[in-house]
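*Asks:* mmCIF, C-alpha atoms, saved as coords.cif, coming up:
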```cif
data_run
#
loop_
_atom_site.group_PDB
_atom_site.id
_atom_site.type_symbol
_atom_site.label_atom_id
_atom_site.label_comp_id
_atom_site.auth_asym_id
_atom_site.auth_seq_id
_atom_site.Cartn_x
_atom_site.Cartn_y
_atom_site.Cartn_z
ATOM 1 C CA MET L 1 77.655 62.307 81.602
ATOM 2 C CA GLN L 2 80.602 61.038 83.606
ATOM 3 C CA GLU L 3 83.308 63.522 84.627
ATOM 4 C CA ARG L 4 86.287 63.423 86.944
ATOM 5 C CA LEU L 5 85.358 63.873 90.574
ATOM 6 C CA GLN L 6 87.731 66.782 91.126
ATOM 7 C CA LYS L 7 86.054 68.657 88.275
ATOM 8 C CA LEU L 8 82.579 68.020 89.699
ATOM 9 C CA ILE L 9 83.667 69.147 93.164
ATOM 10 C CA ALA L 10 85.067 72.336 91.621
ATOM 11 C CA GLN L 11 81.872 72.919 89.655
ATOM 12 C CA ALA L 12 79.894 72.627 92.887
ATOM 13 C CA GLY L 13 81.947 75.510 94.281
ATOM 14 C CA ILE L 14 83.345 73.472 97.157
ATOM 15 C CA ALA L 15 87.033 73.790 96.261
ATOM 16 C CA SER L 16 89.413 74.350 93.383
ATOM 17 C CA ARG L 17 90.391 71.258 91.401
ATOM 18 C CA ARG L 18 93.727 71.097 93.175
ATOM 19 C CA ALA L 19 92.081 71.301 96.595
ATOM 20 C CA ALA L 20 89.465 68.771 95.448
ATOM 21 C CA GLU L 21 92.256 66.329 94.648
ATOM 22 C CA GLU L 22 93.468 66.640 98.226
ATOM 23 C CA LEU L 23 89.942 65.935 99.476
ATOM 24 C CA ILE L 24 89.835 62.779 97.364
ATOM 25 C CA LYS L 25 93.249 61.568 98.515
ATOM 26 C CA ALA L 26 92.239 62.213 102.134
ATOM 27 C CA GLY L 27 89.219 59.915 101.784
ATOM 28 C CA ASP L 28 86.682 62.732 102.152
ATOM 29 C CA VAL L 29 84.795 61.882 98.948
ATOM 30 C CA ALA L 30 82.320 59.049 98.428
ATOM 31 C CA VAL L 31 80.352 57.884 95.394
ATOM 32 C CA ASN L 32 77.241 55.804 96.016
ATOM 33 C CA GLY L 33 78.340 55.187 99.578
ATOM 34 C CA LYS L 34 81.850 54.028 98.695
ATOM 35 C CA VAL L 35 84.879 56.123 99.633
ATOM 36 C CA VAL L 36 86.978 57.041 96.601
ATOM 37 C CA THR L 37 90.681 57.890 96.841
ATOM 38 C CA GLU L 38 91.792 57.406 93.227
ATOM 39 C CA LEU L 39 92.150 60.732 91.386
ATOM 40 C CA GLY L 40 91.086 59.416 87.985
ATOM 41 C CA THR L 41 87.682 58.278 89.226
ATOM 42 C CA LYS L 42 84.667 59.586 87.309
ATOM 43 C CA ALA L 43 81.006 59.926 88.249
ATOM 44 C CA ASP L 44 77.732 61.018 86.666
ATOM 45 C CA PRO L 45 75.891 63.544 88.882
ATOM 46 C CA GLU L 46 72.621 62.595 87.142
ATOM 47 C CA LYS L 47 72.941 58.968 88.289
ATOM 48 C CA ASP L 48 75.493 58.781 91.102
ATOM 49 C CA HIS L 49 75.256 60.095 94.668
ATOM 50 C CA ILE L 50 78.398 62.148 95.338
ATOM 51 C CA LYS L 51 79.275 63.191 98.872
ATOM 52 C CA VAL L 52 82.086 65.410 100.153
ATOM 53 C CA ARG L 53 82.728 65.112 103.869
ATOM 54 C CA GLY L 54 79.364 63.419 104.250
ATOM 55 C CA LYS L 55 77.352 66.068 102.413
ATOM 56 C CA LEU L 56 75.621 65.382 99.108
ATOM 57 C CA ILE L 57 76.742 67.784 96.366
ATOM 58 C CA ASN L 58 74.343 66.751 93.571
ATOM 59 C CA GLU L 59 71.898 69.583 94.288
ATOM 60 C CA LYS L 60 74.743 72.092 94.292
ATOM 61 C CA LEU L 61 75.703 70.896 90.823
ATOM 62 C CA LYS L 62 72.123 71.386 89.605
ATOM 63 C CA HIS L 63 71.500 74.809 91.080
ATOM 64 C CA GLN L 64 74.924 76.369 91.503
ATOM 65 C CA GLN L 65 74.941 80.015 90.467
ATOM 66 C CA HIS L 66 78.498 81.117 89.976
ATOM 67 C CA VAL L 67 79.566 84.379 91.546
ATOM 68 C CA TYR L 68 82.690 86.430 90.767
ATOM 69 C CA ILE L 69 83.471 89.349 93.057
ATOM 70 C CA LEU L 70 86.359 91.812 92.981
ATOM 71 C CA LEU L 71 87.475 93.000 96.423
ATOM 72 C CA ASN L 72 89.908 95.788 97.215
ATOM 73 C CA LYS L 73 91.476 94.077 100.224
ATOM 74 C CA PRO L 74 92.639 96.250 103.123
ATOM 75 C CA LYS L 75 95.934 95.664 104.877
ATOM 76 C CA GLY L 76 95.532 93.371 107.892
ATOM 77 C CA VAL L 77 92.948 91.045 106.345
ATOM 78 C CA LEU L 78 93.692 87.373 105.698
ATOM 79 C CA SER L 79 93.229 85.870 102.211
ATOM 80 C CA SER L 80 91.648 82.663 103.453
ATOM 81 C CA VAL L 81 88.289 81.108 104.365
ATOM 82 C CA SER L 82 89.270 80.263 107.960
ATOM 83 C CA ASP L 83 91.762 81.251 110.643
ATOM 84 C CA PRO L 84 92.280 79.611 114.054
ATOM 85 C CA GLY L 85 93.502 82.983 115.322
ATOM 86 C CA GLY L 86 90.202 84.686 114.568
ATOM 87 C CA ARG L 87 91.639 87.318 112.246
ATOM 88 C CA THR L 88 89.405 89.109 109.748
ATOM 89 C CA LEU L 89 89.066 87.190 106.463
ATOM 90 C CA VAL L 90 88.457 88.431 102.935
ATOM 91 C CA THR L 91 85.214 86.429 102.985
ATOM 92 C CA ASP L 92 84.065 88.478 105.995
ATOM 93 C CA LEU L 93 84.086 91.585 103.796
ATOM 94 C CA VAL L 94 81.740 90.138 101.163
ATOM 95 C CA LYS L 95 78.331 89.306 102.573
ATOM 96 C CA GLY L 96 75.187 87.949 100.948
ATOM 97 C CA ALA L 97 76.912 86.102 98.094
ATOM 98 C CA GLY L 98 77.027 82.625 99.624
ATOM 99 C CA LYS L 99 80.118 80.556 100.344
ATOM 100 C CA LEU L 100 83.090 82.032 98.475
ATOM 101 C CA HIS L 101 86.834 81.455 98.406
ATOM 102 C CA PRO L 102 89.693 83.704 97.254
ATOM 103 C CA VAL L 103 91.439 83.136 93.938
ATOM 104 C CA GLY L 104 95.080 83.048 94.977
ATOM 105 C CA ARG L 105 96.344 85.086 97.897
ATOM 106 C CA LEU L 106 97.516 88.490 98.982
ATOM 107 C CA ASP L 107 99.797 88.737 101.999
ATOM 108 C CA PHE L 108 98.220 89.766 105.323
ATOM 109 C CA ASN L 109 100.029 93.120 105.146
ATOM 110 C CA THR L 110 99.386 93.669 101.424
ATOM 111 C CA GLU L 111 96.338 95.503 100.145
ATOM 112 C CA GLY L 112 94.702 95.548 96.750
ATOM 113 C CA LEU L 113 92.682 93.515 94.311
ATOM 114 C CA ILE L 114 91.663 89.928 94.901
ATOM 115 C CA ILE L 115 88.846 87.917 93.312
ATOM 116 C CA LEU L 116 86.423 85.804 95.348
ATOM 117 C CA THR L 117 84.238 83.151 93.756
ATOM 118 C CA ASN L 118 82.390 79.870 94.237
ATOM 119 C CA ASP L 119 83.550 78.563 90.847
ATOM 120 C CA GLY L 120 86.383 76.098 91.394
ATOM 121 C CA ASN L 121 87.083 75.765 87.674
ATOM 122 C CA PHE L 122 87.616 79.521 87.430
ATOM 123 C CA THR L 123 89.931 79.428 90.437
ATOM 124 C CA ASN L 124 91.992 76.631 88.933
ATOM 125 C CA ARG L 125 92.247 78.324 85.525
ATOM 126 C CA VAL L 126 93.231 81.774 86.793
ATOM 127 C CA SER L 127 95.574 80.551 89.545
ATOM 128 C CA ALA L 128 97.482 78.323 87.134
ATOM 129 C CA SER L 129 97.740 80.910 84.353
ATOM 130 C CA LYS L 130 101.154 82.291 83.400
ATOM 131 C CA THR L 131 99.668 84.817 80.973
ATOM 132 C CA ILE L 132 97.549 86.996 83.299
ATOM 133 C CA PRO L 133 99.648 89.914 84.568
ATOM 134 C CA LYS L 134 99.300 91.070 88.176
ATOM 135 C CA VAL L 135 100.391 94.664 88.673
ATOM 136 C CA TYR L 136 101.583 96.068 92.010
ATOM 137 C CA GLN L 137 102.620 99.412 93.420
ATOM 138 C CA VAL L 138 105.688 98.999 95.620
ATOM 139 C CA LYS L 139 107.230 101.397 98.130
ATOM 140 C CA THR L 140 110.707 100.467 99.364
ATOM 141 C CA LYS L 141 112.850 101.500 102.301
ATOM 142 C CA GLY L 142 115.660 103.412 100.661
ATOM 143 C CA ILE L 143 116.188 103.590 96.919
ATOM 144 C CA PRO L 144 117.668 100.564 95.077
ATOM 145 C CA THR L 145 120.268 101.244 92.405
ATOM 146 C CA ASP L 146 119.402 100.969 88.718
ATOM 147 C CA VAL L 147 121.660 97.904 88.594
ATOM 148 C CA ALA L 148 119.630 96.251 91.373
ATOM 149 C CA ILE L 149 116.340 96.974 89.587
ATOM 150 C CA ARG L 150 117.648 95.511 86.326
ATOM 151 C CA LYS L 151 118.766 92.432 88.260
ATOM 152 C CA LEU L 152 115.270 91.964 89.695
ATOM 153 C CA ALA L 153 113.687 92.480 86.294
ATOM 154 C CA ARG L 154 115.838 89.746 84.727
ATOM 155 C CA GLY L 155 114.906 87.233 87.421
ATOM 156 C CA ILE L 156 116.846 86.092 90.474
ATOM 157 C CA ARG L 157 117.119 83.109 92.772
ATOM 158 C CA LEU L 158 115.585 83.845 96.160
ATOM 159 C CA GLU L 159 116.925 82.602 99.488
ATOM 160 C CA ASP L 160 114.291 79.856 99.565
ATOM 161 C CA GLY L 161 115.658 78.527 96.248
ATOM 162 C CA PHE L 162 112.842 79.790 94.016
ATOM 163 C CA LYS L 163 114.004 81.266 90.696
ATOM 164 C CA THR L 164 111.819 84.207 89.698
ATOM 165 C CA ALA L 165 110.726 84.702 86.110
ATOM 166 C CA PRO L 166 111.499 88.001 84.370
ATOM 167 C CA ALA L 167 109.373 90.848 85.718
ATOM 168 C CA GLU L 168 108.422 94.246 84.370
ATOM 169 C CA ILE L 169 109.568 97.002 86.737
ATOM 170 C CA LYS L 170 108.723 100.632 86.065
ATOM 171 C CA THR L 171 110.369 103.287 88.232
ATOM 172 C CA LEU L 172 107.898 105.813 89.621
ATOM 173 C CA LYS L 173 108.695 109.128 91.276
ATOM 174 C CA PRO L 174 110.751 108.443 94.442
ATOM 175 C CA THR L 175 110.913 110.500 97.629
ATOM 176 C CA ASP L 176 114.119 111.400 99.458
ATOM 177 C CA LYS L 177 113.941 108.209 101.518
ATOM 178 C CA ASN L 178 111.779 105.794 99.543
ATOM 179 C CA GLY L 179 111.681 104.222 96.104
ATOM 180 C CA TRP L 180 108.367 103.748 94.279
ATOM 181 C CA TYR L 181 107.869 101.144 91.573
ATOM 182 C CA GLU L 182 105.214 99.495 89.464
ATOM 183 C CA VAL L 183 105.954 95.780 89.272
ATOM 184 C CA THR L 184 104.215 93.356 86.905
ATOM 185 C CA LEU L 185 104.405 89.621 87.606
ATOM 186 C CA TYR L 186 103.073 86.623 85.710
ATOM 187 C CA GLU L 187 103.603 84.212 88.609
ATOM 188 C CA GLY L 188 102.659 84.100 92.263
ATOM 189 C CA HIS L 189 105.333 82.738 94.603
ATOM 190 C CA ASN L 190 104.728 83.280 98.326
ATOM 191 C CA GLN L 191 105.649 86.885 99.260
ATOM 192 C CA GLN L 192 107.606 87.122 96.022
ATOM 193 C CA ILE L 193 107.891 90.893 95.687
ATOM 194 C CA ARG L 194 108.924 91.339 99.314
ATOM 195 C CA LYS L 195 111.586 88.641 98.945
ATOM 196 C CA MET L 196 112.814 90.124 95.660
ATOM 197 C CA PHE L 197 113.491 93.550 97.147
ATOM 198 C CA ASP L 198 114.887 92.032 100.361
ATOM 199 C CA SER L 199 117.463 90.274 98.175
ATOM 200 C CA VAL L 200 118.869 93.638 97.042
ATOM 201 C CA GLY L 201 118.815 95.133 100.541
ATOM 202 C CA HIS L 202 115.669 97.254 100.350
ATOM 203 C CA SER L 203 112.647 95.995 102.241
ATOM 204 C CA VAL L 204 109.118 96.702 101.046
ATOM 205 C CA VAL L 205 107.222 99.089 103.328
ATOM 206 C CA LYS L 206 104.031 99.276 101.281
ATOM 207 C CA LEU L 207 102.591 96.884 98.697
ATOM 208 C CA LYS L 208 99.338 97.138 96.776
ATOM 209 C CA ARG L 209 97.957 95.121 93.853
ATOM 210 C CA ILE L 210 96.290 97.558 91.473
ATOM 211 C CA ARG L 211 95.462 95.358 88.494
ATOM 212 C CA ILE L 212 94.676 91.758 87.556
ATOM 213 C CA GLY L 213 94.941 91.397 83.801
ATOM 214 C CA ARG L 214 92.879 94.318 82.466
ATOM 215 C CA ILE L 215 90.848 94.618 85.670
ATOM 216 C CA SER L 216 91.876 97.695 87.677
ATOM 217 C CA ASP L 217 91.058 99.191 91.068
ATOM 218 C CA ALA L 218 89.680 102.387 89.502
ATOM 219 C CA GLY L 219 86.724 103.644 91.545
ATOM 220 C CA LEU L 220 86.861 100.772 94.058
ATOM 221 C CA LYS L 221 87.732 102.022 97.534
ATOM 222 C CA VAL L 222 89.755 99.915 99.943
ATOM 223 C CA GLY L 223 87.418 97.498 101.733
ATOM 224 C CA ASN L 224 84.750 97.682 99.023
ATOM 225 C CA SER L 225 83.789 95.056 96.463
ATOM 226 C CA ARG L 226 81.768 94.643 93.267
ATOM 227 C CA LYS L 227 80.739 91.900 90.856
ATOM 228 C CA LEU L 228 83.003 91.266 87.897
ATOM 229 C CA LEU L 229 81.468 92.131 84.544
ATOM 230 C CA PRO L 230 81.087 89.459 81.833
ATOM 231 C CA GLU L 231 83.630 91.264 79.672
ATOM 232 C CA GLU L 232 86.106 91.251 82.569
ATOM 233 C CA LEU L 233 85.715 87.496 82.917
ATOM 234 C CA ARG L 234 86.303 87.112 79.184
ATOM 235 C CA SER L 235 89.411 89.290 79.458
ATOM 236 C CA LEU L 236 90.788 86.644 81.828
ATOM 237 C CA GLY L 237 90.147 83.990 79.184
ATOM 238 C CA TYR L 238 87.179 82.479 80.997
ATOM 239 C CA SER L 239 83.579 81.876 79.936
ATOM 240 C CA PRO L 240 81.461 80.522 82.807
ATOM 241 C CA SER L 241 79.181 77.627 81.985
ATOM 242 C CA LYS L 242 76.483 78.902 84.320
#
```
Taking this structure as input, can you express it in the form of structure tokens?
*Replies:*
Amino acid sequence: MQERLQKLIAQAGIASRRAAEELIKAGDVAVNGKVVTELGTKADPEKDHIKVRGKLINEKLKHQQHVYILLNKPKGVLSSVSDPGGRTLVTDLVKGAGKLHPVGRLDFNTEGLIILTNDGNFTNRVSASKTIPKVYQVKTKGIPTDVAIRKLARGIRLEDGFKTAPAEIKTLKPTDKNGWYEVTLYEGHNQQIRKMFDSVGHSVVKLKRIRIGRISDAGLKVGNSRKLLPEELRSLGYSPSK
């Protein structure tokens, strides 16, 4: 059966659909020996030879076993699959599961939960979702006023021009010098929480993601990982085909 190339590339675990589109536009995809750059192009993996950067992906489509791993990322680890600077990657912490990529990102200096997978369709679905809450524990330098917290919860325009959606902010027990908060977001702008608190004059000194949807960090030590359970995948609104 014919399907869009970006979907097939995602199913093969090579990249998310969005990243697959970039591969196509860059001329890195060929069908039956002919380079394809048009995003609407379809192919049948049972009949057509599909190559990405010169490598045939048909066998990957036949035998791909999808893997979904939850990692409790330490601070100082990069949420990427490569780094010219040689820094430690999230994929370095998960061995023996094949070629994986992170679903979304956590800042280099942020710790907490991140999912790694080889299922590009899953990555696309979860990354694009506006209904899956991501919950963070936030420690700030100094203690913002109640007015400032309400302002952040309503949504603000950041210095880079991005307008944040309403957020849920629960005040936790502060210390004499630091505020503590539980922040729930349904979006994922670059360094959003840090920029939000910077905008009210209180920088973030510690940031940790403790939950993705209903999936929590309970029992998972920093630096450790485990496979996601089928019911956890379903809680994210996803049923893997394989």
*Asks:* May I ask which of the residues L:Asn121, L:Ser80, L:Thr41, L:Ser129 is the closest one to L:Phe108, counting all atoms listed in the file?
*Replies:*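 Closest to L:Phe108 of all the choices is L:Ser80.
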*Asks:* For a quick check of your reading of the model, name the residues lying within 7 Å of the coordinate (115.1, 103.8, 95.8), counting all atoms listed in the file, and write them as number ranges by chain.
*Replies:* L: 140, 142-145, 174, 178-180
*Asks:* Just say which residues the PyMOL selection byres ((chain L and resi 227-235) around 10) picks in this file, as a list of chain:residue names.
*Replies:*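 Output from the PyMOL selection byres ((chain L and resi 227-235) around 10), applied to this file: L:Val67, L:Tyr68, L:Ile69, L:Leu70, L:Leu71, L:Ile115, L:Leu116, L:Thr117, L:Phe122, L:Ile132, L:Ile212, L:Gly213, L:Arg214, L:Ile215, L:Ser225, L:Arg226, L:Leu236, L:Gly237, L:Tyr238, L:Ser239, L:Pro240.
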*Asks:* So which residues fall inside 9 Å of (87.1, 77.2, 89.3) if we count all atoms listed in the file? Mind giving them as a PyMOL selection string?
*Replies:* chain L and resi 7+10-11+13+15-17+103+117-126
*Asks:* Could you tell me which residues the PyMOL selection byres ((chain L and resi 88-91) around 12) returns for this structure, as a compact mmCIF listing (two decimals) with C-alpha atoms, keeping the file's coordinate frame?
*Replies:*
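For reference, selection_6.txt as written:
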```
# COMPACT_ATOMS: atom_id res chain seq x y z
CA ILE L 69 83.47 89.35 93.06
CA LEU L 70 86.36 91.81 92.98
CA LEU L 71 87.48 93.00 96.42
CA ASN L 72 89.91 95.79 97.22
CA LYS L 73 91.48 94.08 100.22
CA PRO L 74 92.64 96.25 103.12
CA LYS L 75 95.93 95.66 104.88
CA GLY L 76 95.53 93.37 107.89
CA VAL L 77 92.95 91.04 106.34
CA LEU L 78 93.69 87.37 105.70
CA SER L 79 93.23 85.87 102.21
CA SER L 80 91.65 82.66 103.45
CA VAL L 81 88.29 81.11 104.36
CA SER L 82 89.27 80.26 107.96
CA ASP L 83 91.76 81.25 110.64
CA PRO L 84 92.28 79.61 114.05
CA GLY L 85 93.50 82.98 115.32
CA GLY L 86 90.20 84.69 114.57
CA ARG L 87 91.64 87.32 112.25
CA ASP L 92 84.06 88.48 106.00
CA LEU L 93 84.09 91.58 103.80
CA VAL L 94 81.74 90.14 101.16
CA LYS L 95 78.33 89.31 102.57
CA GLY L 96 75.19 87.95 100.95
CA ALA L 97 76.91 86.10 98.09
CA GLY L 98 77.03 82.62 99.62
CA LYS L 99 80.12 80.56 100.34
CA LEU L 100 83.09 82.03 98.48
CA HIS L 101 86.83 81.46 98.41
CA PRO L 102 89.69 83.70 97.25
CA VAL L 103 91.44 83.14 93.94
CA GLY L 104 95.08 83.05 94.98
CA ARG L 105 96.34 85.09 97.90
CA LEU L 106 97.52 88.49 98.98
CA ASP L 107 99.80 88.74 102.00
CA PHE L 108 98.22 89.77 105.32
CA GLU L 111 96.34 95.50 100.14
CA GLY L 112 94.70 95.55 96.75
CA LEU L 113 92.68 93.52 94.31
CA ILE L 114 91.66 89.93 94.90
CA ILE L 115 88.85 87.92 93.31
CA LEU L 116 86.42 85.80 95.35
CA THR L 117 84.24 83.15 93.76
CA ASN L 118 82.39 79.87 94.24
CA VAL L 222 89.76 99.92 99.94
CA GLY L 223 87.42 97.50 101.73
CA ASN L 224 84.75 97.68 99.02
CA SER L 225 83.79 95.06 96.46
```
*Asks:* Rounded to one decimal in Å, what is the spacing between atom CA of L:Lys60 and atom CA of L:Ile24?
*Replies:*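 Here the two named atoms are 18.0 Å from each other.
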*Asks:* Considering only C-alpha atoms, can you say which of L:Ala153, L:Asp176, L:Leu158, L:Arg209 comes closest to L:Pro133?
*Replies:*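 Going through L:Ala153, L:Asp176, L:Leu158, L:Arg209 one by one, the smallest distance to L:Pro133 is for L:Arg209.
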*Asks:* So, with all atoms listed in the file as the atoms that count, which of L:Ala43, L:Val29, L:Ala19, L:Leu185 lies closest to L:Ala167?
*Replies:*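 Ranking L:Ala43, L:Val29, L:Ala19, L:Leu185 by distance to L:Ala167, first place goes to L:Leu185.
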*Asks:* How many Å separate atom CA of L:Lys173 from atom CA of L:Arg194?
*Replies:*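 One can read the atom CA of L:Lys173 to atom CA of L:Arg194 distance as 19.5 Å.
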*Asks:* Nearest to L:Gly201: which of L:Asp217, L:Ala148, L:Gly161, L:Ile50 is it, counting all atoms listed in the file?
*Replies:*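 With all atoms listed in the file as the atom set, the closest residue is L:Ala148.
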*Asks:* Of the candidates L:Ile210, L:Val204, L:Ile57, L:Val135, which shows the shortest atom-to-atom distance to L:Glu168, using all atoms listed in the file?
*Replies:*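 For L:Glu168, the nearest of the candidates is L:Val135.
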*Asks:* What lies within 12 Å of L:Val35 using all atoms listed in the file, ignoring chain neighbours under 6 positions off, as a ChimeraX atom specification?
*Replies:* /L:5,23-29,41,49-54
*Asks:* Can you measure atom CA of L:Ile169 to atom CA of L:Ser127 for me? One decimal in Å is fine.
*Replies:*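 Those two atoms sit 21.8 Å apart.
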*Asks:* Apply the PyMOL selection byres ((chain L and resi 205) around 7) to the structure shown and report the selected residues as a ChimeraX atom specification.
*Replies:* /L:139-141,203-204,206-207
*Asks:* Atoms to include: C-alpha atoms. Write the selected residues as an mmCIF file, in the coordinates of the input.
*Replies:*
```
data_model
loop_
_atom_site.group_PDB
_atom_site.id
_atom_site.type_symbol
_atom_site.label_atom_id
_atom_site.label_comp_id
_atom_site.auth_asym_id
_atom_site.auth_seq_id
_atom_site.Cartn_x
_atom_site.Cartn_y
_atom_site.Cartn_z
ATOM 1 C CA LYS L 139 107.230 101.397 98.130
ATOM 2 C CA THR L 140 110.707 100.467 99.364
ATOM 3 C CA LYS L 141 112.850 101.500 102.301
ATOM 4 C CA SER L 203 112.647 95.995 102.241
ATOM 5 C CA VAL L 204 109.118 96.702 101.046
ATOM 6 C CA LYS L 206 104.031 99.276 101.281
ATOM 7 C CA LEU L 207 102.591 96.884 98.697
#
```
